Every structure is written in C-alpha cells, then in structure tokens.
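One file, run34.cif, is given below (mmCIF, C-alpha atoms).
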data_coords
#
loop_
_atom_site.label_atom_id
_atom_site.label_comp_id
_atom_site.auth_asym_id
_atom_site.auth_seq_id
_atom_site.Cartn_x
_atom_site.Cartn_y
_atom_site.Cartn_z
CA MET A 1 102.74 83.85 69.46
CA SER A 2 101.60 85.00 72.92
CA ARG A 3 104.14 86.09 75.53
CA LEU A 4 104.51 83.57 78.36
CA ARG A 5 103.93 84.87 81.86
CA PRO A 6 105.34 83.29 85.01
CA ASP A 7 102.76 81.41 87.01
CA SER A 8 101.73 83.35 90.13
CA ALA A 9 101.47 80.20 92.26
CA GLY A 10 104.30 80.12 94.72
CA THR A 11 104.89 83.87 94.49
CA VAL A 12 104.94 86.85 96.85
CA ALA A 13 103.56 90.21 95.78
CA ALA A 14 104.05 93.70 97.22
CA TYR A 15 100.36 94.45 96.82
CA PRO A 16 98.00 96.24 97.46
CA ARG A 17 99.82 99.57 97.38
CA ARG A 18 98.49 103.08 97.87
CA ALA A 19 98.43 105.18 94.70
CA ALA A 20 100.20 107.97 96.61
CA ALA A 21 103.07 105.76 97.84
CA SER A 22 106.40 107.57 97.48
CA GLU A 23 109.76 106.12 96.48
CA HIS A 24 110.86 105.04 99.94
CA ASP A 25 107.41 103.55 100.64
CA VAL A 26 107.66 101.43 97.49
CA ALA A 27 111.23 100.37 98.25
CA SER A 28 110.34 99.42 101.82
CA GLN A 29 107.34 97.34 100.74
CA GLU A 30 109.36 95.53 98.07
CA ALA A 31 112.25 94.91 100.47
CA LEU A 32 109.82 93.24 102.87
CA ALA A 33 108.24 91.19 100.08
CA LEU A 34 111.66 89.96 98.96
CA ARG A 35 112.50 88.83 102.49
CA VAL A 36 109.13 87.12 102.88
CA ALA A 37 109.68 85.33 99.57
CA ALA A 38 113.01 84.01 100.85
CA LEU A 39 111.39 82.79 104.07
CA LEU A 40 108.61 80.99 102.19
CA GLY A 41 110.80 79.63 99.39
CA ARG A 42 108.72 81.50 96.83
CA ARG A 43 109.47 83.91 94.00
CA PHE A 44 108.93 87.65 94.27
CA ALA A 45 106.45 88.82 91.64
CA PRO A 46 107.27 92.46 90.75
CA ASP A 47 104.50 94.74 89.47
CA PHE A 48 101.78 92.23 90.38
CA ARG A 49 98.23 93.29 89.54
CA PRO A 50 95.12 91.07 89.86
CA THR A 51 93.95 92.19 86.40
CA ARG A 52 97.14 90.82 84.88
CA ASN A 53 96.90 87.50 86.68
CA ARG A 54 93.26 86.49 86.29
CA GLY A 55 92.70 82.76 86.59
CA GLU A 56 95.99 82.16 88.38
CA PRO A 57 96.36 81.13 92.03
CA PRO A 58 96.75 84.17 94.27
CA PRO A 59 100.18 85.07 95.65
CA TYR A 60 101.11 85.62 99.28
CA TYR A 61 100.43 89.33 99.76
CA VAL A 62 102.58 91.97 101.45
CA PRO A 63 100.27 95.04 101.46
CA ASP A 64 101.39 98.48 102.54
CA ARG A 65 98.23 99.00 104.63
CA SER A 66 95.74 96.84 106.47
CA ILE A 67 93.02 95.60 104.14
CA THR A 68 89.90 97.20 105.54
CA SER A 69 87.20 95.18 103.81
CA LEU A 70 86.47 91.49 104.23
CA ALA A 71 84.89 91.46 100.78
CA ARG A 72 87.95 93.02 99.12
CA ALA A 73 90.22 90.59 100.92
CA ALA A 74 88.16 87.62 99.75
CA LYS A 75 88.20 88.93 96.18
CA LEU A 76 92.00 88.90 96.33
CA GLY A 77 91.95 85.34 97.67
CA ILE A 78 92.77 86.36 101.26
CA THR A 79 90.61 84.42 103.68
CA ARG A 80 93.01 83.73 106.57
CA ALA A 81 96.09 85.17 108.26
CA ALA A 82 98.37 82.75 106.40
CA ASP A 83 97.53 84.50 103.10
CA LEU A 84 99.28 87.80 103.83
CA PHE A 85 101.84 89.68 105.89
CA GLY A 86 99.53 92.06 107.72
CA GLY A 87 95.89 92.08 108.67
CA VAL A 88 92.30 92.33 107.50
CA THR A 89 89.67 94.37 109.36
CA PRO A 90 85.90 94.52 108.84
CA HIS A 91 85.82 98.36 108.77
CA ALA A 92 88.33 101.06 107.86
CA PHE A 93 88.34 102.69 111.30
CA VAL A 94 89.26 99.37 112.97
CA ALA A 95 92.68 99.57 111.32
CA THR A 96 93.40 102.97 112.91
CA LYS A 97 94.18 104.24 116.40
CA SER A 98 90.51 105.33 116.71
CA ILE A 99 89.50 102.05 118.37
CA THR A 100 91.88 102.71 121.28
CA HIS A 101 89.33 104.99 123.00
CA GLY A 102 85.59 105.37 123.36
CA VAL A 103 83.55 108.45 122.43
CA VAL A 104 82.87 111.28 124.87
CA ASP A 105 79.21 110.40 125.63
CA ASP A 106 76.11 108.61 124.36
CA GLN A 107 75.20 111.54 122.09
CA ALA A 108 78.48 111.39 120.17
CA ARG A 109 78.40 110.18 116.58
CA VAL A 110 79.88 106.74 115.81
CA PRO A 111 80.22 104.89 112.48
CA GLN A 112 78.38 101.73 111.54
CA GLY A 113 80.10 98.74 113.10
CA TRP A 114 81.48 100.65 116.10
CA ALA A 115 81.83 98.33 119.12
CA ARG A 116 80.84 100.44 122.13
CA SER A 117 81.82 97.65 124.52
CA LEU A 118 85.48 97.88 123.49
CA ALA A 119 86.13 101.13 125.38
CA SER A 120 85.34 99.59 128.76
CA ALA A 121 87.41 96.48 127.92
CA LEU A 122 90.42 98.68 127.10
CA GLU A 123 90.01 101.18 129.93
CA GLU A 124 92.80 99.72 132.08
CA VAL A 125 95.31 99.19 129.25
CA VAL A 126 95.26 102.59 127.49
CA LEU A 127 95.82 106.22 128.48
CA ARG A 128 92.98 108.60 129.26
CA GLY A 129 91.40 109.81 126.05
CA PHE A 130 88.52 109.91 123.59
CA THR A 131 87.84 109.26 119.92
CA ALA A 132 85.59 111.64 117.99
CA PHE A 133 83.95 111.34 114.58
CA THR A 134 82.87 114.98 114.33
CA LEU A 135 84.78 118.15 115.17
CA GLU A 136 81.97 119.15 117.52
CA ASP A 137 82.36 115.94 119.51
CA ALA A 138 86.12 116.44 119.48
CA TYR A 139 85.76 119.88 121.04
CA ARG A 140 83.57 118.53 123.85
CA ALA A 141 86.04 115.72 124.46
CA GLY A 142 88.92 118.19 124.48
CA GLU A 143 87.22 120.41 127.04
CA ARG A 144 86.86 117.44 129.35
CA LEU A 145 90.50 116.36 128.92
CA LEU A 146 91.77 119.88 129.62
CA GLN A 147 90.42 119.58 133.15
CA GLU A 148 93.21 117.07 133.80
CA GLY A 149 96.02 118.72 131.82
CA ALA A 150 97.60 118.79 128.37
CA PHE A 151 96.64 116.25 125.72
CA ARG A 152 97.47 115.32 122.15
CA VAL A 153 95.28 115.59 119.06
CA LYS A 154 96.21 112.61 116.86
CA PRO A 155 94.89 112.01 113.32
CA ALA A 156 93.60 108.46 113.26
CA ASP A 157 95.59 107.19 110.28
CA ALA A 158 98.81 109.20 110.62
CA THR A 159 102.08 107.26 110.99
CA ALA A 160 105.55 107.93 112.43
CA GLY A 161 104.10 110.42 114.93
CA ARG A 162 103.28 112.94 112.20
CA GLY A 163 100.39 115.38 112.53
CA GLN A 164 100.11 115.24 116.33
CA ILE A 165 99.41 118.50 118.18
CA VAL A 166 99.82 119.10 121.92
CA VAL A 167 96.91 121.12 123.36
CA ARG A 168 97.19 123.01 126.68
CA ASN A 169 94.16 125.34 126.63
CA ALA A 170 90.88 126.06 124.85
CA GLN A 171 92.50 128.41 122.34
CA GLU A 172 95.00 125.73 121.31
CA LEU A 173 92.15 123.22 121.11
CA ARG A 174 90.24 125.39 118.65
CA ALA A 175 93.40 125.95 116.60
CA ALA A 176 94.22 122.23 116.52
CA LEU A 177 90.73 121.25 115.42
CA SER A 178 90.72 123.91 112.68
CA GLU A 179 93.61 122.02 111.06
CA GLN A 180 91.68 118.74 110.82
CA ASP A 181 89.84 117.54 107.74
CA ALA A 182 86.20 117.10 108.73
CA ALA A 183 85.55 114.41 106.09
CA SER A 184 88.50 112.33 107.29
CA VAL A 185 87.35 112.72 110.89
CA ARG A 186 83.86 111.49 109.94
CA ARG A 187 85.30 108.46 108.14
CA LEU A 188 88.20 107.40 110.38
CA GLY A 189 87.93 109.42 113.58
CA LEU A 190 90.22 111.72 115.56
CA VAL A 191 91.99 110.74 118.79
CA LEU A 192 92.42 113.04 121.78
CA GLU A 193 94.70 111.51 124.41
CA GLU A 194 96.52 112.66 127.54
CA ASP A 195 100.08 113.83 126.94
CA LEU A 196 102.86 112.13 128.88
CA ALA A 197 106.16 113.67 129.96
CA GLN A 198 109.43 111.71 130.04
CA ILE A 199 107.79 109.17 127.77
CA GLU A 200 109.45 105.96 126.61
CA THR A 201 107.72 104.17 123.75
CA TYR A 202 107.90 100.39 123.57
CA SER A 203 107.15 98.20 120.55
CA VAL A 204 105.50 94.86 121.28
CA GLY A 205 104.53 92.43 118.59
CA TRP A 206 103.94 89.00 117.17
CA VAL A 207 104.49 87.79 113.63
CA ARG A 208 104.07 84.55 111.70
CA VAL A 209 105.30 83.78 108.17
CA GLY A 210 104.68 80.23 107.06
CA LYS A 211 105.69 77.96 109.96
CA LEU A 212 108.00 80.58 111.51
CA GLU A 213 106.67 82.48 114.51
CA ALA A 214 108.26 85.21 116.64
CA SER A 215 107.30 87.70 119.35
CA TYR A 216 109.22 90.73 120.55
CA VAL A 217 109.52 93.76 122.77
CA GLY A 218 111.80 96.74 122.34
CA THR A 219 112.10 100.50 122.36
CA GLN A 220 111.55 103.14 119.72
CA CYS A 221 113.53 106.31 119.16
CA LEU A 222 112.66 109.66 117.61
CA THR A 223 114.71 111.55 115.05
CA PRO A 224 114.32 114.96 113.37
CA ASP A 225 113.00 114.79 109.82
CA ASN A 226 114.09 117.17 107.09
CA ASN A 227 111.82 119.87 108.54
CA GLY A 228 113.13 119.43 112.08
CA VAL A 229 109.99 117.64 113.30
CA SER A 230 110.55 114.69 115.64
CA VAL A 231 109.30 111.49 113.97
CA TYR A 232 109.88 107.75 114.24
CA GLY A 233 113.57 106.96 113.90
CA GLY A 234 113.71 103.22 114.43
CA SER A 235 113.41 100.36 116.93
CA ASN A 236 115.69 98.00 118.83
CA LEU A 237 113.95 94.71 119.51
CA THR A 238 114.48 91.61 121.63
CA VAL A 239 112.89 88.84 119.56
CA ALA A 240 111.95 85.37 120.82
CA ARG A 241 111.28 82.33 118.69
CA GLY A 242 107.61 81.49 119.28
CA GLY A 243 104.77 83.31 120.99
CA PHE A 244 104.45 85.56 124.02
CA ASP A 245 105.05 82.74 126.50
CA GLU A 246 108.52 82.27 124.97
CA LEU A 247 109.08 86.04 125.07
CA ARG A 248 108.12 86.24 128.76
CA ALA A 249 110.65 83.47 129.50
CA LEU A 250 113.48 85.84 128.48
CA ASN A 251 115.28 88.21 130.85
CA LEU A 252 113.01 91.23 130.38
CA THR A 253 112.87 94.41 132.42
CA GLU A 254 109.83 95.24 134.55
CA GLU A 255 108.69 97.89 132.05
CA GLU A 256 109.13 95.48 129.13
CA ARG A 257 106.96 92.91 130.92
CA GLN A 258 104.36 95.60 131.59
CA ALA A 259 104.35 96.59 127.91
CA VAL A 260 103.90 92.96 126.83
CA ASP A 261 101.04 92.47 129.30
CA LEU A 262 99.21 95.63 128.18
CA SER A 263 99.60 94.69 124.52
CA CYS A 264 98.28 91.15 125.02
CA ARG A 265 95.24 92.47 126.87
CA TYR A 266 94.62 95.02 124.11
CA ASP A 267 94.91 92.33 121.43
CA THR A 268 92.45 90.04 123.23
CA ALA A 269 89.91 92.83 123.71
CA VAL A 270 90.00 93.86 120.03
CA SER A 271 89.77 90.26 118.81
CA THR A 272 86.72 89.77 121.03
CA ALA A 273 85.02 92.99 119.86
CA TYR A 274 85.75 92.33 116.17
CA PRO A 275 85.85 88.53 115.71
CA ASP A 276 86.11 88.83 111.90
CA PHE A 277 89.49 90.55 112.21
CA PHE A 278 92.60 88.45 111.50
CA ALA A 279 96.31 89.22 111.14
CA SER A 280 99.68 87.54 110.77
CA ARG A 281 101.50 90.66 111.98
CA ARG A 282 100.38 92.42 115.17
CA ASN A 283 102.29 95.37 116.58
CA TYR A 284 101.47 97.61 119.54
CA ASP A 285 103.09 100.88 120.65
CA VAL A 286 103.05 101.28 124.43
CA GLY A 287 103.82 104.61 126.11
CA VAL A 288 105.34 104.70 129.60
CA GLY A 289 105.80 108.10 131.28
CA ARG A 290 104.25 110.59 133.69
CA ASN A 291 101.04 112.58 133.45
CA ALA A 292 100.50 116.29 134.20
CA ARG A 293 100.47 115.56 137.97
CA GLY A 294 103.73 113.66 137.79
CA GLU A 295 102.04 110.28 138.31
CA PRO A 296 103.39 107.23 136.46
CA ARG A 297 101.19 106.21 133.52
CA ALA A 298 101.39 103.47 130.91
CA GLY A 299 99.10 102.44 128.08
CA VAL A 300 98.85 101.16 124.53
CA LEU A 301 98.99 104.15 122.20
CA GLU A 302 98.05 102.42 118.97
CA GLN A 303 98.13 99.18 117.04
CA SER A 304 99.46 98.21 113.62
CA TRP A 305 98.24 95.24 111.61
CA ARG A 306 100.29 95.95 108.51
CA ALA A 307 103.90 96.02 107.42
CA GLY A 308 105.39 98.72 109.63
CA GLY A 309 108.54 100.46 110.76
CA ALA A 310 109.75 97.44 112.74
CA SER A 311 109.02 94.87 110.04
CA ILE A 312 112.53 94.67 108.59
CA ALA A 313 113.75 93.75 112.09
CA GLU A 314 110.94 91.20 112.47
CA LEU A 315 111.74 89.47 109.19
CA SER A 316 115.49 89.58 109.87
CA ALA A 317 114.83 87.74 113.13
CA LEU A 318 112.68 85.13 111.39
CA GLN A 319 115.45 84.58 108.86
CA ALA A 320 117.95 84.11 111.71
CA PHE A 321 115.63 81.55 113.32
CA MET A 322 115.25 79.72 110.01
CA LEU A 323 119.01 79.54 109.45
CA SER A 324 119.80 78.53 113.07
CA PRO A 325 117.18 76.08 114.38
CA SER A 326 118.69 76.09 117.88
CA LEU A 327 118.52 79.89 118.19
CA LYS A 328 115.89 80.92 120.76
CA SER A 329 116.24 84.71 120.76
CA VAL A 330 117.98 87.47 118.87
CA SER A 331 118.33 91.27 118.86
CA ALA A 332 117.21 93.11 115.74
CA PHE A 333 116.85 96.74 114.69
CA THR A 334 115.40 99.17 112.21
CA ARG A 335 116.79 102.65 111.58
CA GLU A 336 115.38 105.68 109.72
CA ARG A 337 117.39 108.87 109.37
CA TYR A 338 116.90 112.04 107.37
CA GLY A 339 119.39 114.30 105.57
CA THR A 340 122.67 113.65 103.81
CA ASP A 341 124.89 113.11 106.88
CA GLU A 342 123.73 109.54 107.51
CA PRO A 343 126.34 107.07 106.18
CA PRO A 344 125.12 104.44 103.69
CA PRO A 345 124.10 101.14 105.32
CA THR A 346 125.77 97.85 104.48
CA SER A 347 124.31 95.85 101.63
CA GLU A 348 122.87 93.29 104.08
CA GLN A 349 121.04 96.00 106.04
CA TYR A 350 120.08 98.28 103.14
CA VAL A 351 116.42 99.15 102.56
CA TYR A 352 116.45 102.60 100.92
CA ARG A 353 118.66 105.66 100.56
CA GLY A 354 117.72 108.56 98.35
CA GLU A 355 115.76 111.74 97.77
CA ASP A 356 112.14 110.84 98.40
CA SER A 357 109.44 113.00 96.82
CA ALA A 358 107.38 112.99 100.03
CA VAL A 359 109.90 113.37 102.88
CA GLY A 360 113.17 114.37 101.22
CA MET A 361 116.49 112.63 101.77
CA ILE A 362 116.02 109.50 103.88
CA THR A 363 118.09 106.42 104.71
CA LYS A 364 116.36 103.24 105.92
CA SER A 365 118.09 100.11 107.15
CA GLY A 366 117.56 97.13 109.41
CA GLY A 367 118.82 93.73 110.42
CA ILE A 368 120.37 91.71 113.22
CA LEU A 369 122.38 93.31 116.02
CA GLU A 370 125.57 91.31 116.51
CA ASP A 371 127.38 90.79 119.81
CA ASP A 372 130.97 91.80 120.52
CA ASP A 373 132.27 88.63 118.87
CA GLY A 374 130.36 89.34 115.67
CA ARG A 375 128.01 86.39 116.20
CA LEU A 376 124.24 86.32 116.46
#
Translate this file's structure into structure tokens.
Amino acid sequence: MSRLRPDSAGTVAAYPRRAAASEHDVASQEALALRVAALLGRRFAPDFRPTRNRGEPPPYYVPDRSITSLARAAKLGITRAADLFGGVTPHAFVATKSITHGVVDDQARVPQGWARSLASALEEVVLRGFTAFTLEDAYRAGERLLQEGAFRVKPADATAGRGQIVVRNAQELRAALSEQDAASVRRLGLVLEEDLAQIETYSVGWVRVGKLEASYVGTQCLTPDNNGVSVYGGSNLTVARGGFDELRALNLTEEERQAVDLSCRYDTAVSTAYPDFFASRRNYDVGVGRNARGEPRAGVLEQSWRAGGASIAELSALQAFMLSPSLKSVSAFTRERYGTDEPPPTSEQYVYRGEDSAVGMITKSGGILEDDDGRL
C-alpha cells in the first residue's frame, strides 16, 4: 500500500533554498513561510521539493533569494508576483546591487542583458559610484572615485554589510581588489561607491501577500558580530496599510519622505529598464549622510527583492492589519544580535537563537512594537 502524501495545493513552501544555507538562514526562511501560510490560510509544507510533488499544483513559494531566471521560475509554476514572497529577475546580476550604478566608460565590460540606459535614469537617486565586471575596470573606476575622496568596495551579492572595504588611496584600492574573486566579479559585478560619514540608513519597502498590502519606511541599526565587525542589527519600521500614497499620508519626517521618494524613483527606473522583472516584496536601503567635503548626500544603496532582514516586521504588520481591519498603520521591528548576552526573545517574537555554523551565536526576533498602554 503506497504512503499517502498531503496535496500541495493550498500550501506554502520555504523553497528554493541555497545549498549552503546555515541553521539560522533555514530557521528564518521557515519562520517567514509559516507566517505567510497563516496570512493566506494555507498549510506550511516542510521539506518541499518539486521532485517529490510532481503533478501537484505548485505551492506559494518563500525563496531565500531572488529567482534569477524567468525560465526557472516558470518551471516552478511562478509566472506572477502573486505566486511568491520575493521577486523574479531576468538575469542574475539584476538581483544584486550591481544595477545601482553604470560602468566607468564605453570600453568597460558588461554582461548580456545589461541595460546601459538605467545608469542615467538612476543618476539623481543614487550616490556617486560605478559597477565593474572585471578587476581591471574596477581599478580604473576606483582611480576616478579617489579624485573625490574615500569610497567603498562592495561585493555585489553580499548581505548585512559584510565584505565591504573602505578605500582611501591607490594602495588600499589595489589591496581591496586583490581580495575579490574575479569569477564572481565577471558574473555578478563589483560596486565602488562614495563613502558617507555620519550615515543614517533607511529601509523603504512595499509588500503584498494575497489581498493584504503594506508599505513602510524606517531606520536600520548596526551591531557587532561575533568577530567584532559591524553588520546589520535590525530595523524599526513605520508601516502603512496600502501603498506609498497611504505611507506618505502619515506623519513622516523630512528625511523619511526623501527616502521614500528616492526609493520610488529607483523602483520605477528598474521596472522600466527590465520590464520582465516582477516582485511581491520590494525593499530599498537609502543612505543619508555627508560626503568627503562635508556636503549632504542621499541615495539608494541597494535593493532587495527577496525575503530579507526586515521581512519578519513586514509580515507581523500584515498580520496586525488582517486581525484589525480598521488599523491604518503600525510600528514593527526586527532585531539581530550576536553572542550569548542577548536575552531570549518572547515566543511571539522568536525567530532563531542558537550556535549557527556560519556566524556563531545569534539571536533573531521581530514583531509589533506596542505603545505605552500595551496596545497596537
């Protein structure tokens, strides 16, 4: 007698997942999938694999990265934004911070599918910088940036601020480039971008799950990891029910409004340059600070069209909106801390706490920020 399997229709799957995903990566992805399942009224399907579910309707997917092939997405049954929590891009480099800048000149190498027109469309909404797809092009771009002051070398697919190197002179430029993997640079690119002092990083985003829609703006914080390196430590978000018009109707600060405006312009430019791209979760990091001459500068640093650091806060807000139909806005947070001193989060806010094979001891939590009366 054959073993009965649950039907995958009406399910949510934490898939696709990178083979190298560590324990806290897996726990975070599954925590998001469980919350999405509750929002959609579906069942969470643990250990989903397409090979085990042939012939069954596809689930709603919660991937741990953007899906960077239209063909692969279609094979999974993903043909529109409503099929997943995240995004689908036509090329791998489109899902990285490489698209934020143009290349240094007409002689620079670019991959197939590169939209040269995007750089001019983004010029007023990003910081000064270049993307390079060879180390030789990166060196030429770095020499040009050094004429204006210090800049950062940023691996295109790195997350949480890891792998970034501040460069102040030609010697540091050569050292920074010697640490890069040439094959990865050829495939995904390398970003060189002006370094800001006194920087504040804002998170701006939009998300839709089923019929629920929310937009938000908030700030990020840094925290030391287990090696003492400053990395992403969490976000505090002001979340509005609905799109960016509803968000702008809230009592935002001038810098928050600027961050929202820059992000919307970035999103429009990318959607125009790559019309095949679609996403149900769009997040933009916006840096506001001062350049080497002390002048105020602001620009989108990078985009994320996948489940990210702020996603627990996003989904917590959607759940609050679902439970309270009259609720128009809410404050939500995510928190990531390293080491053993961080107290365990409450069960409602728990995502992960343990010794992770990749980053060591880490505690992750998120949820709704309550007011003084303990209400939403």
Evaluate the PyMOL selection byres ((chain A and resi 198) around 7) and record the selected residues as a list in words, following the chain and residue labels used in the document.
Leu196, Ala197, Ile199, Glu200, Gly289 and Arg290 of chain A
Counting only C-alpha atoms, note down every residue that has an atom within 10 Å of the point (99.1, 95.6, 99.1) (file coordinates), as an MDAnalysis selection string.
chainID A and resid 13:18 29 48:49 61:67 84:86 306:307
The residue from A:Ala121, A:Leu190, A:Ala92, A:Ala170 with the smallest atom-to-atom distance to Arg109 (chain A), counting all atoms listed in the file, is A:Leu190
Point (92.0, 122.7, 114.3) neighbourhood (12 Å, only C-alpha atoms) written as an MDAnalysis selection string:
chainID A and resid 134:136 138:139 142 153:155 163:167 170:182 185 190
Include C-alpha atoms and write out the residues we just selected as a PDB file, in the frame of the given file.
ATOM      1  CA  THR A 134      82.870 114.980 114.330  1.00  0.00           C
ATOM      2  CA  LEU A 135      84.780 118.150 115.170  1.00  0.00           C
ATOM      3  CA  GLU A 136      81.970 119.150 117.520  1.00  0.00           C
ATOM      4  CA  ALA A 138      86.120 116.440 119.480  1.00  0.00           C
ATOM      5  CA  TYR A 139      85.760 119.880 121.040  1.00  0.00           C
ATOM      6  CA  GLY A 142      88.920 118.190 124.480  1.00  0.00           C
ATOM      7  CA  VAL A 153      95.280 115.590 119.060  1.00  0.00           C
ATOM      8  CA  LYS A 154      96.210 112.610 116.860  1.00  0.00           C
ATOM      9  CA  PRO A 155      94.890 112.010 113.320  1.00  0.00           C
ATOM     10  CA  GLY A 163     100.390 115.380 112.530  1.00  0.00           C
ATOM     11  CA  GLN A 164     100.110 115.240 116.330  1.00  0.00           C
ATOM     12  CA  ILE A 165      99.410 118.500 118.180  1.00  0.00           C
ATOM     13  CA  VAL A 166      99.820 119.100 121.920  1.00  0.00           C
ATOM     14  CA  VAL A 167      96.910 121.120 123.360  1.00  0.00           C
ATOM     15  CA  ALA A 170      90.880 126.060 124.850  1.00  0.00           C
ATOM     16  CA  GLN A 171      92.500 128.410 122.340  1.00  0.00           C
ATOM     17  CA  GLU A 172      95.000 125.730 121.310  1.00  0.00           C
ATOM     18  CA  LEU A 173      92.150 123.220 121.110  1.00  0.00           C
ATOM     19  CA  ARG A 174      90.240 125.390 118.650  1.00  0.00           C
ATOM     20  CA  ALA A 175      93.400 125.950 116.600  1.00  0.00           C
ATOM     21  CA  ALA A 176      94.220 122.230 116.520  1.00  0.00           C
ATOM     22  CA  LEU A 177      90.730 121.250 115.420  1.00  0.00           C
ATOM     23  CA  SER A 178      90.720 123.910 112.680  1.00  0.00           C
ATOM     24  CA  GLU A 179      93.610 122.020 111.060  1.00  0.00           C
ATOM     25  CA  GLN A 180      91.680 118.740 110.820  1.00  0.00           C
ATOM     26  CA  ASP A 181      89.840 117.540 107.740  1.00  0.00           C
ATOM     27  CA  ALA A 182      86.200 117.100 108.730  1.00  0.00           C
ATOM     28  CA  VAL A 185      87.350 112.720 110.890  1.00  0.00           C
ATOM     29  CA  LEU A 190      90.220 111.720 115.560  1.00  0.00           C
TER      30      LEU A 190
END
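Once the PyMOL selection byres ((chain A and resi 245) around 12) is applied to the shown structure, the selection contains Trp206, Ala214, Ser215, Tyr216, Ala240, Arg241, Gly242, Gly243, Phe244, Glu246, Leu247, Arg248, Ala249, Leu250, Arg257, Val260, Asp261 and Cys264 of chain A.
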Residues from last step as file, C-alpha atoms, as a short mmCIF file (atom, residue, chain, number, x, y, z; two decimals), in the coordinates of the input:
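The result, stored in part_37.cif:
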data_model
loop_
_atom_site.label_atom_id
_atom_site.label_comp_id
_atom_site.auth_asym_id
_atom_site.auth_seq_id
_atom_site.Cartn_x
_atom_site.Cartn_y
_atom_site.Cartn_z
CA TRP A 206 103.94 89.00 117.17
CA ALA A 214 108.26 85.21 116.64
CA SER A 215 107.30 87.70 119.35
CA TYR A 216 109.22 90.73 120.55
CA ALA A 240 111.95 85.37 120.82
CA ARG A 241 111.28 82.33 118.69
CA GLY A 242 107.61 81.49 119.28
CA GLY A 243 104.77 83.31 120.99
CA PHE A 244 104.45 85.56 124.02
CA GLU A 246 108.52 82.27 124.97
CA LEU A 247 109.08 86.04 125.07
CA ARG A 248 108.12 86.24 128.76
CA ALA A 249 110.65 83.47 129.50
CA LEU A 250 113.48 85.84 128.48
CA ARG A 257 106.96 92.91 130.92
CA VAL A 260 103.90 92.96 126.83
CA ASP A 261 101.04 92.47 129.30
CA CYS A 264 98.28 91.15 125.02
#
Residues of region 261-331 of chain A that have any atom at most 8 Å from an atom of region 359-371 of chain A: could you tabulate them with the shortest-distance atom pair and the distance in Å to one decimal, using all atoms listed in the file, ordered by chain and increasing number, as JSON lines?
{"residue": "A:Ile312", "atom": "CA", "partner": "A:Gly366", "partner_atom": "CA", "distance": 5.7}
{"residue": "A:Ala313", "atom": "CA", "partner": "A:Gly367", "partner_atom": "CA", "distance": 5.3}
{"residue": "A:Ser316", "atom": "CA", "partner": "A:Gly367", "partner_atom": "CA", "distance": 5.3}
{"residue": "A:Ala317", "atom": "CA", "partner": "A:Ile368", "partner_atom": "CA", "distance": 6.8}
{"residue": "A:Val330", "atom": "CA", "partner": "A:Ile368", "partner_atom": "CA", "distance": 7.5}
{"residue": "A:Ser331", "atom": "CA", "partner": "A:Leu369", "partner_atom": "CA", "distance": 5.4}
